[in-house]
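**Student:** The file below is my_file15.txt, compact mmCIF, C-alpha atoms:
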# COMPACT_ATOMS: atom_id res chain seq x y z
CA MET A 1 5.25 -0.10 18.88
CA THR A 2 2.49 1.81 17.13
CA GLU A 3 -0.69 -0.17 16.50
CA LEU A 4 -1.39 -0.08 12.74
CA VAL A 5 -5.15 0.36 12.87
CA TYR A 6 -5.50 0.75 9.08
CA GLN A 7 -4.41 -2.87 8.64
CA SER A 8 -7.69 -3.97 10.22
CA ASP A 9 -9.88 -1.24 8.72
CA SER A 10 -8.56 0.81 5.80
CA TYR A 11 -11.76 2.89 5.71
CA LEU A 12 -11.34 4.64 9.07
CA ARG A 13 -10.92 8.35 8.39
CA GLU A 14 -10.60 9.59 11.98
CA ILE A 15 -9.56 8.06 15.31
CA GLU A 16 -8.29 9.20 18.69
CA ALA A 17 -4.74 8.31 19.64
CA ARG A 18 -2.28 9.12 22.43
CA VAL A 19 1.06 10.86 21.98
CA VAL A 20 3.85 8.56 23.17
CA SER A 21 6.87 10.76 22.44
CA LEU A 22 8.19 13.60 20.28
CA ALA A 23 11.50 14.34 18.57
CA GLY A 24 11.67 17.70 16.83
CA ASN A 25 8.79 17.76 14.38
CA LYS A 26 8.26 13.99 14.63
CA VAL A 27 5.30 12.65 16.60
CA TYR A 28 5.07 9.04 17.81
CA LEU A 29 1.64 7.65 18.72
CA ASP A 30 0.22 4.57 20.42
CA LYS A 31 -1.83 3.84 17.29
CA THR A 32 -2.34 5.28 13.83
CA ILE A 33 -4.55 5.24 10.74
CA PHE A 34 -1.73 6.79 8.70
CA HIS A 35 0.02 4.32 6.39
CA PRO A 36 3.80 4.91 6.46
CA LYS A 37 5.69 4.88 3.17
CA SER A 38 6.46 1.17 2.81
CA GLY A 39 5.87 -1.81 0.57
CA GLY A 40 6.11 0.40 -2.51
CA VAL A 41 3.13 2.55 -1.44
CA ASP A 42 3.38 6.27 -0.64
CA ASN A 43 2.50 7.51 2.84
CA ASP A 44 -0.80 9.00 3.90
CA LYS A 45 -1.21 12.66 4.75
CA GLY A 46 -3.69 14.51 6.92
CA PHE A 47 -3.84 16.21 10.32
CA ILE A 48 -3.16 15.66 14.00
CA VAL A 49 -5.69 17.73 15.95
CA LYS A 50 -5.48 18.78 19.60
CA ASP A 51 -8.28 21.03 20.89
CA ASN A 52 -8.26 24.06 18.54
CA LEU A 53 -4.80 23.29 17.14
CA SER A 54 -4.30 21.38 13.88
CA PHE A 55 -0.93 20.06 12.70
CA ARG A 56 -0.44 19.00 9.08
CA VAL A 57 1.07 15.51 8.69
CA GLU A 58 3.43 15.73 5.73
CA SER A 59 5.37 12.47 5.94
CA VAL A 60 4.90 9.14 7.68
CA TYR A 61 7.62 6.50 7.78
CA TYR A 62 9.36 3.86 9.88
CA ASP A 63 12.07 5.50 11.97
CA ARG A 64 15.38 3.77 11.25
CA GLU A 65 16.57 4.15 14.84
CA THR A 66 13.47 2.93 16.67
CA GLY A 67 11.64 0.97 13.96
CA ASP A 68 8.48 2.76 15.05
CA VAL A 69 6.16 4.94 12.94
CA ALA A 70 7.15 8.61 12.81
CA HIS A 71 4.53 11.23 11.87
CA GLU A 72 6.45 14.24 10.58
CA ILE A 73 4.48 17.45 10.70
CA ALA A 74 4.86 20.91 9.20
CA GLY A 75 6.26 23.17 11.92
CA GLU A 76 6.81 22.52 15.62
CA PRO A 77 4.18 20.35 17.32
CA GLN A 78 2.66 21.99 20.38
CA LEU A 79 2.08 18.61 21.96
CA LYS A 80 3.41 16.58 24.86
CA PRO A 81 3.54 12.87 25.75
CA GLY A 82 0.21 11.69 27.08
CA ASP A 83 -1.89 14.10 25.01
CA VAL A 84 -4.99 12.57 23.43
CA VAL A 85 -5.28 13.76 19.83
CA LYS A 86 -7.53 13.17 16.84
CA LEU A 87 -6.01 11.80 13.63
CA VAL A 88 -7.72 12.93 10.42
CA LEU A 89 -6.80 11.38 7.07
CA ASP A 90 -6.60 13.14 3.74
CA TRP A 91 -9.22 10.68 2.52
CA ASP A 92 -9.10 11.54 -1.18
CA ARG A 93 -5.38 10.78 -1.23
CA ARG A 94 -5.80 7.54 0.78
CA TYR A 95 -8.64 6.25 -1.38
CA ARG A 96 -6.63 6.80 -4.58
CA LEU A 97 -3.77 4.85 -3.02
CA MET A 98 -6.14 2.04 -2.04
CA ARG A 99 -7.61 1.77 -5.53
CA LEU A 100 -4.23 1.85 -7.28
CA HIS A 101 -2.66 -0.55 -4.78
CA THR A 102 -5.41 -3.12 -5.29
CA ALA A 103 -5.14 -2.69 -9.06
CA ALA A 104 -1.40 -3.36 -8.77
CA HIS A 105 -2.13 -6.67 -7.03
CA ILE A 106 -4.43 -7.80 -9.82
CA ILE A 107 -1.95 -6.85 -12.53
CA ALA A 108 0.89 -8.56 -10.65
CA ALA A 109 -1.14 -11.77 -10.39
CA ILE A 110 -1.84 -11.75 -14.14
CA MET A 111 1.80 -11.06 -14.97
CA TYR A 112 2.87 -13.88 -12.63
CA ASN A 113 0.36 -16.46 -13.84
CA ASP A 114 0.36 -15.67 -17.57
CA PHE A 115 3.93 -14.51 -18.17
CA HIS A 116 5.89 -15.92 -15.19
CA ALA A 117 7.05 -12.40 -14.37
CA LEU A 118 8.00 -11.24 -10.87
CA ILE A 119 8.08 -7.67 -9.59
CA THR A 120 11.58 -6.22 -9.32
CA GLY A 121 10.55 -2.74 -8.12
CA GLY A 122 7.69 -0.27 -8.10
CA ASN A 123 5.75 2.46 -6.37
CA VAL A 124 2.16 3.55 -5.86
CA SER A 125 1.47 7.28 -5.61
CA PRO A 126 -1.95 9.00 -5.66
CA ASP A 127 -1.71 9.97 -9.34
CA TYR A 128 -0.25 6.82 -10.85
CA ALA A 129 1.65 3.64 -10.10
CA TYR A 130 4.47 1.76 -11.76
CA ASP A 131 5.91 -1.73 -11.43
CA ASP A 132 9.04 -3.27 -12.92
CA TYR A 133 8.74 -6.85 -14.14
CA SER A 134 11.36 -9.53 -14.72
CA LEU A 135 10.73 -9.83 -18.46
CA GLU A 136 13.63 -10.31 -20.85
CA VAL A 137 11.88 -9.10 -24.00
CA MET A 138 10.27 -5.68 -24.32
CA ASP A 139 6.75 -6.27 -25.64
CA LYS A 140 4.10 -3.63 -25.00
CA THR A 141 1.30 -6.01 -25.99
CA VAL A 142 2.08 -8.13 -22.90
CA PHE A 143 1.18 -5.20 -20.67
CA GLN A 144 -1.81 -4.24 -22.80
CA ARG A 145 -3.23 -7.74 -22.38
CA ALA A 146 -2.54 -7.67 -18.65
CA ILE A 147 -4.42 -4.38 -18.25
CA GLU A 148 -7.34 -5.71 -20.31
CA LYS A 149 -7.57 -8.84 -18.14
CA ALA A 150 -7.25 -6.74 -14.97
CA ASN A 151 -10.21 -4.62 -16.04
CA GLU A 152 -12.23 -7.78 -16.57
CA VAL A 153 -11.47 -8.76 -12.97
CA VAL A 154 -12.44 -5.30 -11.72
CA LYS A 155 -15.86 -5.56 -13.40
CA LYS A 156 -16.61 -8.83 -11.60
CA ALA A 157 -16.95 -6.90 -8.32
CA LEU A 158 -14.99 -9.46 -6.29
CA GLU A 159 -14.52 -9.21 -2.55
CA VAL A 160 -11.01 -8.31 -1.37
CA LYS A 161 -10.32 -10.32 1.78
CA VAL A 162 -7.81 -9.40 4.48
CA TYR A 163 -6.71 -11.85 7.18
CA TRP A 164 -3.66 -13.16 9.04
CA LEU A 165 -1.89 -16.53 8.78
CA PRO A 166 1.06 -18.05 10.67
CA TYR A 167 4.27 -17.25 8.79
CA ASP A 168 5.24 -20.82 7.87
CA GLU A 169 1.70 -21.67 6.75
CA ALA A 170 1.48 -18.56 4.58
CA MET A 171 4.85 -19.12 2.92
CA LYS A 172 3.69 -22.54 1.65
CA ILE A 173 1.07 -20.87 -0.58
CA PRO A 174 2.24 -20.69 -4.22
CA GLY A 175 2.69 -17.10 -5.39
CA ILE A 176 2.21 -15.62 -1.91
CA VAL A 177 5.25 -13.45 -2.67
CA LYS A 178 5.58 -11.93 -6.14
CA LEU A 179 8.74 -9.94 -5.48
CA ALA A 180 11.87 -11.16 -7.21
CA SER A 181 14.36 -10.00 -4.60
CA ARG A 182 12.97 -10.52 -1.10
CA ALA A 183 10.63 -12.42 1.19
CA PRO A 184 8.50 -10.88 3.94
CA PRO A 185 10.24 -10.30 7.29
CA ARG A 186 10.11 -13.23 9.70
CA VAL A 187 7.14 -12.46 11.97
CA GLU A 188 4.66 -14.61 13.89
CA LYS A 189 1.80 -13.92 11.48
CA LEU A 190 1.61 -12.45 7.99
CA ARG A 191 -1.18 -10.19 6.81
CA ILE A 192 -2.74 -11.73 3.70
CA VAL A 193 -4.67 -9.89 1.00
CA GLU A 194 -6.73 -12.23 -1.18
CA ILE A 195 -8.95 -11.72 -4.20
CA PRO A 196 -10.48 -15.21 -4.46
CA GLY A 197 -9.63 -16.97 -7.71
CA VAL A 198 -7.38 -14.10 -8.80
CA ASP A 199 -4.60 -13.30 -6.34
CA ILE A 200 -3.23 -13.95 -2.88
CA GLN A 201 -0.29 -11.97 -1.49
CA ALA A 202 1.40 -11.15 1.79
CA ASP A 203 0.91 -7.41 2.11
CA GLY A 204 0.71 -4.76 4.83
CA GLY A 205 -0.90 -1.85 2.99
CA PRO A 206 -4.44 -0.47 2.60
CA HIS A 207 -6.83 -1.90 -0.01
CA VAL A 208 -10.40 -1.48 -1.19
CA LYS A 209 -13.03 -4.02 -0.09
CA ASN A 210 -14.31 -4.81 -3.58
CA THR A 211 -12.61 -4.76 -6.98
CA ALA A 212 -15.46 -2.67 -8.42
CA GLU A 213 -14.20 0.28 -6.35
CA ILE A 214 -11.03 0.40 -8.46
CA GLY A 215 -12.80 1.70 -11.54
CA GLU A 216 -11.17 1.51 -14.96
CA ILE A 217 -7.41 0.85 -15.05
CA GLU A 218 -5.53 2.76 -17.76
CA LEU A 219 -2.11 2.00 -19.20
CA ILE A 220 0.00 5.16 -19.30
CA LYS A 221 3.22 3.89 -20.88
CA VAL A 222 5.85 1.15 -20.75
CA GLU A 223 9.62 1.53 -20.59
CA ASN A 224 12.61 -0.74 -21.03
CA LYS A 225 14.73 -0.14 -17.92
CA GLY A 226 17.31 -2.79 -18.78
CA LYS A 227 17.77 -6.55 -18.62
CA GLY A 228 14.94 -8.23 -16.74
CA LYS A 229 13.36 -4.88 -15.90
CA LYS A 230 10.39 -3.76 -17.97
CA ARG A 231 8.36 -0.95 -16.40
CA LEU A 232 4.60 -0.51 -16.59
CA TYR A 233 3.02 2.83 -15.68
CA PHE A 234 -0.73 2.80 -15.01
CA THR A 235 -3.47 4.75 -13.28
CA VAL A 236 -7.19 4.54 -12.50
CA LYS A 237 -9.82 6.92 -13.79
CA PRO A 238 -11.03 9.54 -11.25
What is this file in structure tokens?
**Tutor:**
Amino acid sequence: MTELVYQSDSYLREIEARVVSLAGNKVYLDKTIFHPKSGGVDNDKGFIVKDNLSFRVESVYYDRETGDVAHEIAGEPQLKPGDVVKLVLDWDRRYRLMRLHTAAHIIAAIMYNDFHALITGGNVSPDYAYDDYSLEVMDKTVFQRAIEKANEVVKKALEVKVYWLPYDEAMKIPGIVKLASRAPPRVEKLRIVEIPGVDIQADGGPHVKNTAEIGEIELIKVENKGKGKKRLYFTVKP
């Protein structure tokens, strides 16, 4: 299985990796800094470089057949198993995803603690993010207050910690999962993202190291998507 290097260091912009196999325009590697679309966060983009050839990575995802990470490129890859290649991230895209993803954690913690709301769906893209919350009553002021409190957290410049815990130990932590419909897959250890005094969640995606990096969070709009599903759209200033 592909080693997910970004889970240990989300700030790596380039690394060398080895081609394990190919299938059409899909490239499978021994390790990657590209985050596959998962956990409600869009995939990274960038390039796979071999000598003077550069292949644009358009989509990254978990292959349903193998469960491994597929790097789908534009065109036919002129590569072969065993090739050593350089992976180069579209850093501007990644950093936006990191900032918005960390902002989403803070907002989710506030919604959970203050309004007992769980996440029922959502997605983080480079331009904006949205989350659906298990609220029965549509009240825009709830989300306005949550965004205001989230910005207060951002300004405190708190460290964002990433570490691993045994599955059973992690699942005993109150609020470790803020999704209404599912628990993390049963694995030996869970990756934990913690903002001390604010939030702690099991999460596999990239994050910033300090809340100050998020910048100002802006509410875009809210929508009533039905019973127990109130949607918040938000972004962060450039």
**Student:** Which residues are close to region 114-127 of chain A, i.e. within 9 Å by only C-alpha atoms, leaving aside same-chain residues fewer than 4 positions away? Reply as a VMD selection string.
**Tutor:** chain A and resid 39 to 43 92 to 98 100 to 101 104 108 to 110 131 to 135 142 146 177 to 181 228 to 229 231 235 to 236
**Student:** Could you check which of A:Thr102, A:Thr66, A:Ser54, A:Ser59 is closest to Gly205 (chain A), using all atoms listed in the file?
**Tutor:**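 Ranking A:Thr102, A:Thr66, A:Ser54, A:Ser59 by distance to Gly205 (chain A), first place goes to A:Thr102.
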**Student:** Interatomic distance between CA of Leu4 (chain A) and CA of Val27 (chain A)?
**Tutor:**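 Result for CA of Leu4 (chain A) versus CA of Val27 (chain A): 14.9 Å, one decimal.
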**Student:** One number please: CA of Asp139 (chain A) to CA of Val198 (chain A), in Å, one decimal.
**Tutor:** 23.3 Å
**Student:** In Å to one decimal, how far is CA of Glu223 (chain A) from CA of His105 (chain A)?
**Tutor:**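 Pair CA of His105 (chain A) / CA of Glu223 (chain A) returns 19.7 Å.
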**Student:** Given all atoms listed in the file as the basis, pick out the residue of A:Ala23, A:Met111, A:Ala150, A:Leu89 nearest to Glu72 (chain A).
**Tutor:**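 Between A:Ala23, A:Met111, A:Ala150, A:Leu89, the residue approaching Glu72 (chain A) most closely is A:Ala23.
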**Student:** Write out as a ChimeraX atom specification each polymer residue whose atoms come within 8 Å of Gly215 (chain A), counting all atoms listed in the file; drop sequence neighbours fewer than 4 positions from it.
**Tutor:** /A:99,154,211,236-237
**Student:** Please provide the set of residues having any atom within 8 Å of Glu188 (chain A), restricted to all atoms listed in the file, with same-chain residues fewer than 2 positions apart removed, written as a list in words.
**Tutor:**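 Listing them by chain and then by number gives Pro166, Tyr167, Arg186 and Leu190 of chain A.
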**Student:** When you count only C-alpha atoms, which of these residues is closest to Tyr130 (chain A): A:Tyr28, A:Phe47, A:Phe234, A:Tyr62?
**Tutor:**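 Under the stated criterion, the closest residue is A:Phe234.
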**Student:** Would you mind listing what lies within 12 Å of Gly197 (chain A) as a list in words, with only C-alpha atoms counted and same-chain residues fewer than 2 positions away left out?
**Tutor:** Ile106, Ala109, Ile110, Asn113, Val153, Lys156, Leu158, Glu159, Val160, Lys161, Glu194, Ile195, Asp199 and Ile200 of chain A
**Student:** Name the closest residue to Met138 (chain A) among the candidates A:Arg18, A:Lys37, A:Lys50, A:Lys225; distances are taken between atoms, counting all atoms listed in the file.
**Tutor:**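 Closest to Met138 (chain A) of all the choices is A:Lys225.
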